[in-house]
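Structure, as structure tokens:
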Amino acid sequence: MIRILKLIVCFSISITGCFWCGEVHANDSKAEEDIKVFLNQVYGKRAEAMIHQNDHVLEDNYLSDKASINALHNEKRRIKYINSWAGKRSIKLVDANSEIKIVRLKAMNETATVSVVQSLKVSYDYLNTIVPVQSFGIGTRHFMTLKKANGEWMISREWYLDPLDENPDKIAETEDGAAPSVPKTGNIVNGKRYKRQQAIAYADKYAGTAWGAGNNRRYNPDYKDYTGRGGDCTNFASQVVGDKRGGSLPMTSQWRYNKQSGGTQYWVRTDSFKHFLLNSGYGKQVFKGGYEQVVKPTKEDPNGALARLQPGDLIGYIIHGNDIDHFSVLVGYDEYGYPLVNSHTTDRYRVPFDLGWDRNTKYVLVHIKD
């Protein structure tokens with residue numbers, strides 16, 4: 001049975017192989033080319049369906065067995081989710097562009113296994129105010145099994161880390177239905193200890209496979225990729241605030257990274273990282289609450305609690321209980337003022353901070369002390 005995991009939950013998963021090997025193996029060049037054409041068509045259709053909500057165009061690429069039908073159902077749910085989210089934020093999706101890279105392909109007779117990286121650019125417009133069209137990027141890594149039916153390649157199975165695998169009926173919303181907006185407060189400046197400008201630049205450069213990211217859409221090779229060992233979100237957040245080319249906070253005996261041994265638990269584990277930040281004095285928790293609570297204007301926070309953060313600060317996400325499941329980096333705001341984040345697992349570049357989460361999610365706002 002196909003499993004499509006919710007975005008960025010940093011629990012233990014097992015992924016074998018290397019996404020970046022770039023090896024393509026096929027028993028003949030025609031099979032390889034046919035599969036490349038087929039996959040470009042598939043991902044192009046998905047981008048089209050996301051904008052026009054005509055998900056029936058996807059159906060011709062799937063088989064009639066249970067696993068294939070389940071994969072199709074998940075794609076349709078993703079389309080419904082992101083459009084439902086946009087509607088509850090007074091936003092309209094206006095364009096989507098997909099680029100794919102086949103990093104592993106093995107074709108034998110009528111079956112093929114493929115690893116694909118997709119970089120997706122999504123553009124959106126506001127319904128109730130005049131600002132330029134805005135765009136964000138998402139990067140996903142896909143494992144697929146393809147089979148031939150009547151001489152045509154079809155999707156038999158698919159698994160990937162999905163940033164939009166959420167129930168469209170459980171999206172958080174506010175009474176006015178407007179997107180959150182945080183007023184711009186001037187130029188971002190470096191503190192005496194925390195190099196906030198460099199931290200944001202680092203987060204943009206190494207946002208991975210997402211559209212918009214730098215470094216040829218690759219992670220920083222100086223660090224291990226923990227995607228297959230519990231998720232890379234906290235490793236990335238630690239890099240942003242601690243790498244000398246990033247925020248430059250000094251490593252400690254607890255919170256450190258070594259090229260040979262990797263990161264300590266305080267470097268790579270979400271809740272351990274949170275406790276380190278708060279107990280070390282590097283950061284402080286300024287608010288914790290659901291979507292409505294963090295965006296609602298109050299006497300204490302006229303622009304909502306989110307306005308307490310600055311670009312270069314962190315947002316933790318709690319799905320249930322009290323432990324943080326994911327970290328993202330606040331990197332700025334769109335032209336309307338919507339807070340935008342970068343993260344790993346799944347890779348995101350300047351994405352609205354709540355996209356992919358539901359009304360039960362709790363947001364932990366962590367300010368890094370300058």
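Please note that chains go A, B, ... in the order of the structure tokens, that every chain numbers its residues from 1, and that ligands are numbered from 1 in the order shown.
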DSSP alpha helix (DSSP H) residues within region 43-92 of chain A, listed as a ChimeraX atom specification: /A:43-52,66-88
Output N, CA and C atoms of each residue in that selection to a file, as a short mmCIF file (atom, residue, chain, number, x, y, z; two decimals), in the first residue's frame.
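Full text of part-v4.cif as output:
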data_model
loop_
_atom_site.label_atom_id
_atom_site.label_comp_id
_atom_site.auth_asym_id
_atom_site.auth_seq_id
_atom_site.Cartn_x
_atom_site.Cartn_y
_atom_site.Cartn_z
N TYR A 43 4.14 15.03 -14.49
CA TYR A 43 4.33 16.15 -13.58
C TYR A 43 3.80 17.45 -14.17
N GLY A 44 3.82 17.56 -15.49
CA GLY A 44 3.20 18.71 -16.12
C GLY A 44 1.70 18.73 -15.91
N LYS A 45 1.08 17.57 -16.02
CA LYS A 45 -0.37 17.45 -15.78
C LYS A 45 -0.72 17.80 -14.34
N ARG A 46 0.12 17.38 -13.41
CA ARG A 46 -0.14 17.67 -12.00
C ARG A 46 -0.11 19.17 -11.74
N ALA A 47 0.85 19.85 -12.34
CA ALA A 47 0.93 21.30 -12.17
C ALA A 47 -0.30 21.98 -12.77
N GLU A 48 -0.71 21.51 -13.94
CA GLU A 48 -1.90 22.07 -14.59
C GLU A 48 -3.14 21.84 -13.73
N ALA A 49 -3.28 20.62 -13.22
CA ALA A 49 -4.46 20.28 -12.43
C ALA A 49 -4.51 21.08 -11.13
N MET A 50 -3.35 21.41 -10.57
CA MET A 50 -3.31 22.19 -9.34
C MET A 50 -3.92 23.58 -9.56
N ILE A 51 -3.67 24.16 -10.72
CA ILE A 51 -4.16 25.51 -11.00
C ILE A 51 -5.61 25.49 -11.48
N HIS A 52 -5.93 24.57 -12.37
CA HIS A 52 -7.26 24.56 -12.99
C HIS A 52 -8.25 23.65 -12.27
N LYS A 66 -5.40 -1.46 -6.75
CA LYS A 66 -5.61 -0.69 -5.53
C LYS A 66 -4.49 0.30 -5.26
N ALA A 67 -3.23 -0.14 -5.39
CA ALA A 67 -2.11 0.74 -5.08
C ALA A 67 -2.08 1.94 -6.02
N SER A 68 -2.33 1.71 -7.28
CA SER A 68 -2.32 2.80 -8.25
C SER A 68 -3.46 3.77 -8.02
N ILE A 69 -4.64 3.24 -7.72
CA ILE A 69 -5.80 4.09 -7.44
C ILE A 69 -5.56 4.93 -6.19
N ASN A 70 -4.90 4.35 -5.20
CA ASN A 70 -4.59 5.09 -3.98
C ASN A 70 -3.64 6.25 -4.27
N ALA A 71 -2.66 6.01 -5.16
CA ALA A 71 -1.74 7.07 -5.54
C ALA A 71 -2.49 8.21 -6.24
N LEU A 72 -3.42 7.85 -7.10
CA LEU A 72 -4.23 8.87 -7.78
C LEU A 72 -5.07 9.65 -6.78
N HIS A 73 -5.66 8.94 -5.82
CA HIS A 73 -6.49 9.60 -4.80
C HIS A 73 -5.67 10.63 -4.02
N ASN A 74 -4.43 10.28 -3.69
CA ASN A 74 -3.59 11.21 -2.94
C ASN A 74 -3.26 12.46 -3.75
N GLU A 75 -3.03 12.29 -5.04
CA GLU A 75 -2.77 13.47 -5.87
C GLU A 75 -3.99 14.38 -5.92
N LYS A 76 -5.16 13.79 -6.02
CA LYS A 76 -6.38 14.59 -6.06
C LYS A 76 -6.60 15.32 -4.73
N ARG A 77 -6.26 14.65 -3.64
CA ARG A 77 -6.42 15.29 -2.34
C ARG A 77 -5.46 16.46 -2.17
N ARG A 78 -4.24 16.33 -2.69
CA ARG A 78 -3.28 17.43 -2.63
C ARG A 78 -3.82 18.65 -3.36
N ILE A 79 -4.40 18.42 -4.53
CA ILE A 79 -4.95 19.52 -5.32
C ILE A 79 -6.08 20.20 -4.56
N LYS A 80 -6.93 19.39 -3.95
CA LYS A 80 -8.04 19.96 -3.19
C LYS A 80 -7.53 20.72 -1.98
N TYR A 81 -6.52 20.15 -1.31
CA TYR A 81 -6.00 20.81 -0.11
C TYR A 81 -5.44 22.19 -0.41
N ILE A 82 -4.53 22.29 -1.38
CA ILE A 82 -3.86 23.58 -1.59
C ILE A 82 -4.84 24.64 -2.08
N ASN A 83 -5.84 24.23 -2.86
CA ASN A 83 -6.84 25.20 -3.31
C ASN A 83 -7.79 25.59 -2.18
N SER A 84 -8.10 24.64 -1.30
CA SER A 84 -8.93 24.97 -0.14
C SER A 84 -8.18 25.91 0.79
N TRP A 85 -6.89 25.65 0.99
CA TRP A 85 -6.07 26.54 1.82
C TRP A 85 -6.06 27.95 1.22
N ALA A 86 -5.84 28.04 -0.08
CA ALA A 86 -5.80 29.35 -0.74
C ALA A 86 -7.12 30.08 -0.55
N GLY A 87 -8.24 29.37 -0.70
CA GLY A 87 -9.54 30.00 -0.54
C GLY A 87 -9.76 30.55 0.84
N LYS A 88 -9.23 29.87 1.86
CA LYS A 88 -9.39 30.33 3.24
C LYS A 88 -8.43 31.45 3.60
#
Using only C-alpha atoms, I'd like a table of the residues in region 71-109 of chain A that come within 9 Å of region 120-133 of chain A; for each, show the closest atom pair and its distance in Å rounded to one decimal, ordered by chain and ascending number, as a Markdown table.
| residue | atom | partner | partner_atom | distance |
| --- | --- | --- | --- | --- |
| A:Ala86 | CA | A:Tyr124 | CA | 8.6 |
| A:Arg89 | CA | A:Tyr126 | CA | 8.5 |
| A:Ser90 | CA | A:Leu127 | CA | 5.6 |
| A:Ile91 | CA | A:Tyr126 | CA | 4.6 |
| A:Lys92 | CA | A:Asp125 | CA | 5.3 |
| A:Leu93 | CA | A:Tyr124 | CA | 4.3 |
| A:Val94 | CA | A:Tyr124 | CA | 5.2 |
| A:Asp95 | CA | A:Ser123 | CA | 5.0 |
| A:Ala96 | CA | A:Val122 | CA | 4.5 |
| A:Asn97 | CA | A:Lys121 | CA | 5.1 |
| A:Ser98 | CA | A:Leu120 | CA | 4.7 |
| A:Glu99 | CA | A:Leu120 | CA | 6.4 |
| A:Ile100 | CA | A:Leu120 | CA | 8.6 |
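In terms of minimum interatomic distance to Gly228 (chain A), A:Leu161 ranks closest within A:Ala213, A:Leu58, A:Leu161, A:Ala207, counting only C-alpha atoms.
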Could you pull out all residues of region 180-354 of chain A with a DSSP call of strand (DSSP E) and give them as a ChimeraX atom specification? /A:257-258,262-263,283-289,314-318,326-333,339-343,347-352
Please produce, as JSON lines, a per-residue contact table for region 93-186 of chain A versus region 305-325 of chain A (criterion: any atom at most 10 Å away, only C-alpha atoms considered), showing the nearest atom pair and its distance in Å to one decimal, sorted by chain then residue number.
{"residue": "A:Pro180", "atom": "CA", "partner": "A:Leu306", "partner_atom": "CA", "distance": 8.9}
{"residue": "A:Ser181", "atom": "CA", "partner": "A:Ala307", "partner_atom": "CA", "distance": 8.8}
{"residue": "A:Val182", "atom": "CA", "partner": "A:Ala307", "partner_atom": "CA", "distance": 5.8}
{"residue": "A:Pro183", "atom": "CA", "partner": "A:Ala307", "partner_atom": "CA", "distance": 7.8}
{"residue": "A:Lys184", "atom": "CA", "partner": "A:Ala307", "partner_atom": "CA", "distance": 9.3}
{"residue": "A:Thr185", "atom": "CA", "partner": "A:Gln310", "partner_atom": "CA", "distance": 9.0}
Contacts of Val286 (chain A) within 8 Å, only C-alpha atoms, excl. fewer than 6 positions in-chain, as a PyMOL selection string: chain A and resi 308+364-367
Those same residues, written as an mmCIF file, in the first residue's frame with all heavy atoms?
data_model
loop_
_atom_site.group_PDB
_atom_site.id
_atom_site.type_symbol
_atom_site.label_atom_id
_atom_site.label_comp_id
_atom_site.auth_asym_id
_atom_site.auth_seq_id
_atom_site.Cartn_x
_atom_site.Cartn_y
_atom_site.Cartn_z
ATOM 1 N N ARG A 308 6.085 39.313 16.585
ATOM 2 C CA ARG A 308 7.180 39.336 17.560
ATOM 3 C C ARG A 308 8.472 38.757 16.970
ATOM 4 O O ARG A 308 9.556 38.998 17.499
ATOM 5 C CB ARG A 308 6.806 38.526 18.801
ATOM 6 C CG ARG A 308 5.602 39.040 19.565
ATOM 7 C CD ARG A 308 5.512 38.310 20.893
ATOM 8 N NE ARG A 308 4.219 38.472 21.541
ATOM 9 C CZ ARG A 308 3.916 37.954 22.728
ATOM 10 N NH1 ARG A 308 4.835 37.251 23.386
ATOM 11 N NH2 ARG A 308 2.715 38.136 23.252
ATOM 12 N N VAL A 364 5.185 27.155 17.672
ATOM 13 C CA VAL A 364 6.069 27.637 18.732
ATOM 14 C C VAL A 364 6.997 28.679 18.104
ATOM 15 O O VAL A 364 7.813 28.355 17.234
ATOM 16 C CB VAL A 364 6.883 26.488 19.353
ATOM 17 C CG1 VAL A 364 7.793 27.022 20.462
ATOM 18 C CG2 VAL A 364 5.956 25.403 19.894
ATOM 19 N N LEU A 365 6.853 29.916 18.542
ATOM 20 C CA LEU A 365 7.633 31.008 17.973
ATOM 21 C C LEU A 365 8.885 31.235 18.804
ATOM 22 O O LEU A 365 8.789 31.539 19.998
ATOM 23 C CB LEU A 365 6.795 32.286 17.925
ATOM 24 C CG LEU A 365 5.372 32.153 17.298
ATOM 25 C CD1 LEU A 365 4.702 33.520 17.233
ATOM 26 C CD2 LEU A 365 5.426 31.487 15.932
ATOM 27 N N VAL A 366 10.052 31.047 18.175
ATOM 28 C CA VAL A 366 11.326 31.136 18.888
ATOM 29 C C VAL A 366 12.162 32.273 18.315
ATOM 30 O O VAL A 366 12.522 32.265 17.133
ATOM 31 C CB VAL A 366 12.115 29.810 18.787
ATOM 32 C CG1 VAL A 366 13.451 29.928 19.504
ATOM 33 C CG2 VAL A 366 11.300 28.657 19.374
ATOM 34 N N HIS A 367 12.443 33.246 19.150
ATOM 35 C CA HIS A 367 13.289 34.378 18.751
ATOM 36 C C HIS A 367 14.737 34.066 19.109
ATOM 37 O O HIS A 367 15.040 33.641 20.225
ATOM 38 C CB HIS A 367 12.842 35.644 19.471
ATOM 39 C CG HIS A 367 13.772 36.804 19.283
ATOM 40 N ND1 HIS A 367 13.964 37.420 18.064
ATOM 41 C CD2 HIS A 367 14.574 37.457 20.166
ATOM 42 C CE1 HIS A 367 14.840 38.410 18.201
ATOM 43 N NE2 HIS A 367 15.218 38.442 19.462
#
Between A:Gly337, A:Thr111, A:Met251, A:Lys101, which is the closest to Thr264 (chain A) once you count only C-alpha atoms?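 Going through A:Gly337, A:Thr111, A:Met251, A:Lys101 one by one, the smallest distance to Thr264 (chain A) is for A:Met251.
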Counting only C-alpha atoms, what is within 8 Å of Gly262 (chain A), bar same-chain residues fewer than 4 positions away, as a compact mmCIF listing (two decimals) with C-alpha atoms, in the first residue's frame?
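Output below, filename selection-v4.txt:
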# COMPACT_ATOMS: atom_id res chain seq x y z
CA TYR A 223 26.71 18.35 6.34
CA LYS A 224 25.08 14.94 6.27
CA TYR A 257 28.41 19.27 14.34
CA ASN A 258 31.44 17.17 13.42
Counting only C-alpha atoms, which residues in region 165-249 of chain A sit no more than 8 Å from region 137-141 of chain A? For each one, give the nearest pair of atoms and the distance in Å, sorted by chain then residue number, as CSV.
residue,atom,partner,partner_atom,distance
A:Gly208,CA,A:Gly139,CA,7.2
A:Thr209,CA,A:Gly139,CA,4.6
A:Ala210,CA,A:Gly139,CA,3.8
A:Trp211,CA,A:Gly137,CA,4.3
A:Gly212,CA,A:Gly137,CA,6.0
A:Ala213,CA,A:Gly137,CA,7.9
Residues as selected, all heavy atoms, written as an mmCIF file, in the first residue's frame, can you do that?
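To be explicit, this is the file written out as part_22.cif:
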data_model
loop_
_atom_site.group_PDB
_atom_site.id
_atom_site.type_symbol
_atom_site.label_atom_id
_atom_site.label_comp_id
_atom_site.auth_asym_id
_atom_site.auth_seq_id
_atom_site.Cartn_x
_atom_site.Cartn_y
_atom_site.Cartn_z
ATOM 1 N N GLY A 208 17.614 23.471 -0.697
ATOM 2 C CA GLY A 208 17.503 22.154 -1.308
ATOM 3 C C GLY A 208 16.828 22.138 -2.661
ATOM 4 O O GLY A 208 17.043 23.007 -3.513
ATOM 5 N N THR A 209 15.966 21.146 -2.868
ATOM 6 C CA THR A 209 15.399 20.884 -4.198
ATOM 7 C C THR A 209 14.258 21.823 -4.558
ATOM 8 O O THR A 209 13.738 21.759 -5.680
ATOM 9 C CB THR A 209 14.885 19.439 -4.277
ATOM 10 O OG1 THR A 209 13.871 19.233 -3.275
ATOM 11 C CG2 THR A 209 16.008 18.450 -4.040
ATOM 12 N N ALA A 210 13.840 22.676 -3.659
ATOM 13 C CA ALA A 210 12.725 23.581 -3.927
ATOM 14 C C ALA A 210 13.098 24.604 -4.994
ATOM 15 O O ALA A 210 14.232 25.082 -5.051
ATOM 16 C CB ALA A 210 12.320 24.308 -2.645
ATOM 17 N N TRP A 211 12.111 24.939 -5.822
ATOM 18 C CA TRP A 211 12.302 26.042 -6.766
ATOM 19 C C TRP A 211 12.702 27.299 -5.991
ATOM 20 O O TRP A 211 12.184 27.574 -4.914
ATOM 21 C CB TRP A 211 11.010 26.329 -7.533
ATOM 22 C CG TRP A 211 11.097 27.603 -8.323
ATOM 23 C CD1 TRP A 211 11.571 27.760 -9.589
ATOM 24 C CD2 TRP A 211 10.759 28.921 -7.863
ATOM 25 N NE1 TRP A 211 11.542 29.079 -9.946
ATOM 26 C CE2 TRP A 211 11.057 29.825 -8.907
ATOM 27 C CE3 TRP A 211 10.237 29.432 -6.667
ATOM 28 C CZ2 TRP A 211 10.827 31.199 -8.802
ATOM 29 C CZ3 TRP A 211 10.026 30.797 -6.546
ATOM 30 C CH2 TRP A 211 10.316 31.660 -7.611
ATOM 31 N N GLY A 212 13.636 28.063 -6.543
ATOM 32 C CA GLY A 212 14.071 29.301 -5.918
ATOM 33 C C GLY A 212 15.336 29.165 -5.105
ATOM 34 O O GLY A 212 16.045 30.155 -4.877
ATOM 35 N N ALA A 213 15.642 27.955 -4.636
ATOM 36 C CA ALA A 213 16.817 27.749 -3.797
ATOM 37 C C ALA A 213 18.098 27.913 -4.609
ATOM 38 O O ALA A 213 18.128 27.685 -5.821
ATOM 39 C CB ALA A 213 16.766 26.366 -3.155
#
Have a look at CA of Glu300 (chain A) and CA of Gln285 (chain A) and let me know their distance in Å, one decimal.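 Going from CA of Glu300 (chain A) over to CA of Gln285 (chain A), I get 15.9 Å.
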Between A:Phe327, A:Trp255, A:Phe38, A:Tyr349, which is the closest to Ile200 (chain A) once you count only C-alpha atoms? A:Tyr349
Extract, using only C-alpha atoms, all DNA, RNA and protein residues at most 7 Å from Val240 (chain A), discarding same-chain residues fewer than 4 positions from it, and format them as number ranges by chain. A: 199, 202-203, 236, 246-247
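Ranking A:Val341, A:Ile368, A:Asp176, A:Asn61 by their shortest atom-to-atom distance to Gly242 (chain A), with only C-alpha atoms included, puts A:Ile368 first.
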